[in-house]
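Worksheet: one structure, shown below.
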Amino acid sequence: MEVSSDSIDIANTKTLDEFVHLYMPTCTADSKWTHPTSKEEYTISIQTASGLCDEDFTACFKLIELTSSQDYKKSKDGWKPRSKRKEMKLLDLKYLLVKLNDSLEGFVSFMPTYEDDYPVIYTYEIHLTTTLRGTGLASHLMKQLEKVATRIPGIEKLMLTCFTSNERAVQFYQKLGYSKDEYSPPPRQLRDGTKIEAPESQPSVAEILAHPSYKDTIWQLVPTQSGRLPVAKTRGGPLDIAWEVHGKGDIKLVWVMGLGTVMSAWQRQTLRYGHEQGEKFSSLIFDNRGMGDSDKPLLRYSTKEMALDLIELLDHLGWTKERQLHITGVSMGGMIAQEFAYLAPDRIASLNLVSTAPWIENTTTFVENLRTRINMFIPKSLDRSVTDAARSLFADSWLIQPDQTIVPTAATPGVILPPSGVYGMFDTNYERFAAQELTKRLDKEKFQKAGFMLQAIAAGWHHKSPAQLKEIADKVGRERIMVLHGTKDNMITVPHGRKLIEMMQPGVGVIKEGTGHVFMLEEWDFHNEMVEKMFATGERLNKAS
């Protein structure tokens, strides 16, 4: 069967009548099913989540509560009625409703979507009253979904999540031929060697959005200065770069963000160096072209052009002295930092290159590399986009550990507290990351696909030769340079970091076992300790010169 990368989107944009006509021709408003014992005749109809009347929606929810709330209560995440109601209203969900004389007796909800980059029919719920269990109706409903799967090009899987504690349901699916998928979450091993069972699944987007701490995910840290600066007037612009300075200290810190990420991702560092230590440091954060509150022009981006944007911004701020800037760049931000160091090495007091590369090369098998590249362009559900990002950026063991973020308090200088007076916590690191990712992705002005792709092209074409890297190291000074990389980095694999260390011979080169791509979150305390040492080294060398 020919696979269409748009088949899921096409299916989900059909009207209900079109969907039934194309994918469920045997399911009409007059579909009937007869109880094998009582001989009572039930109707089976289809409806969208948005088309459910309040009475049917409430009946569906009560049926879930009746049949499954105890399983939820036994699970790690617990029973969350508000989150479940939100999930039930997901835009692309469709419902098969089973009724007897207008009384809802069962339903199944499903959605064509992407799961681990594969087009699938995902079964969200299937619930029946006790009188309908063991009658063959559940098998009949699952067969209807299997027929839908055969009619949407490219779909080879019908997937669902089942509590392992619900042994009867597990046996039912096994009897129908379903088996545990390769992507089912295995037990996780923490860094101390402890093995724990993974949750039945990570919290859904609906659950994250319903979390009481979600609305306070991004802290309101008041900048000392802020603005939008027109840059690149002779380089295809002008285009505006959004920026903020936090703190008023003499030591100037520049934080350069990576691909598809906005300046608020630095908020832990902004809190520490721009507010808690704001008398000592001044911290510059900004959105690269193509992302956040900066402009997103449709032209070719490069890491060199973005470095030139930064130079113009620093000139505007008056941060122009020799050996004044402590620059920390992560991922694509590390590539921009390399370009900056090549263009203006004498302005750098310390250079911290985190989870980055001199150029991107294939360090995995051909098939793995091809799949990674293709996956960037495959449409996905929001749930899958967030979980995929988490898997690419962080070590699995960290994602399931408790959230221990140090948040702003009433004693923090220059912070606006939420109405509750307290910035809340999440249950796990995954939940906090997912909340940050959702605040970004759901803002259609700040996060646009075109800007993301243009940044990705810039990162993909970045290249600093061994000779150029040697020149950077010679002119900046090796003692002023740190390269930091994790062995569990799935975004820019560890051979890239080893190569950067080999070619630059920095004063500090660290390959950290077990760490993923985002040190500033996953290893924030270690990250901060290491960059602080580099700040001190740079200042010491300045005084000695």
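All residue names refer to the structure tokens as shown: chains lettered A, B, ... in order, residues numbered from 1 in each chain, ligands numbered from 1 in order.
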
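For Pro238 in chain A, the non-local neighbours within 12 Å, defined as residues at least 2 positions apart in the same chain or in other chains and counting only C-alpha atoms, are Arg228, Leu229, Pro230, Val231, Ala232, Lys233, Thr234, Arg235, Gly236, Asp240, Ile241, Arg289, Ser294, Asp295, Lys296, Pro297, Leu299, Asp309 and Glu312 of chain A.
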
(message) Need to verify the contact set: range 224-227 of chain A, 9 Å, only C-alpha atoms, exclusion of same-chain residues closer than 5 positions in sequence. Can you return it as a ChimeraX atom specification?
(response) /A:241-248,274,282,414

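Distances from A:Ser283, A:Thr409, A:Glu471, A:Gly514 to Ser397 in chain A were compared using only C-alpha atoms, and the smallest one belongs to A:Gly514.
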
(request) Have a look at A:Glu479, A:Asp9, A:Glu529, A:Asp216 and name the one nearest to Tyr423 in chain A; count only C-alpha atoms. (result) A:Asp216

(message) If I take CA of Ala390 in chain A and CA of Ser165 in chain A, how far is one from the other in Å, to one decimal?
(response) 26.7 Å

(message) Env of range 454-469 of chain A: 8 Å cut, atoms = only C-alpha atoms, seq-sep filter 2 positions within chain, self excluded. Answer as a ChimeraX atom specification.
(response) /A:259-260,290,298-303,332,335,338,342,358-360,450-452,471-473,503-504
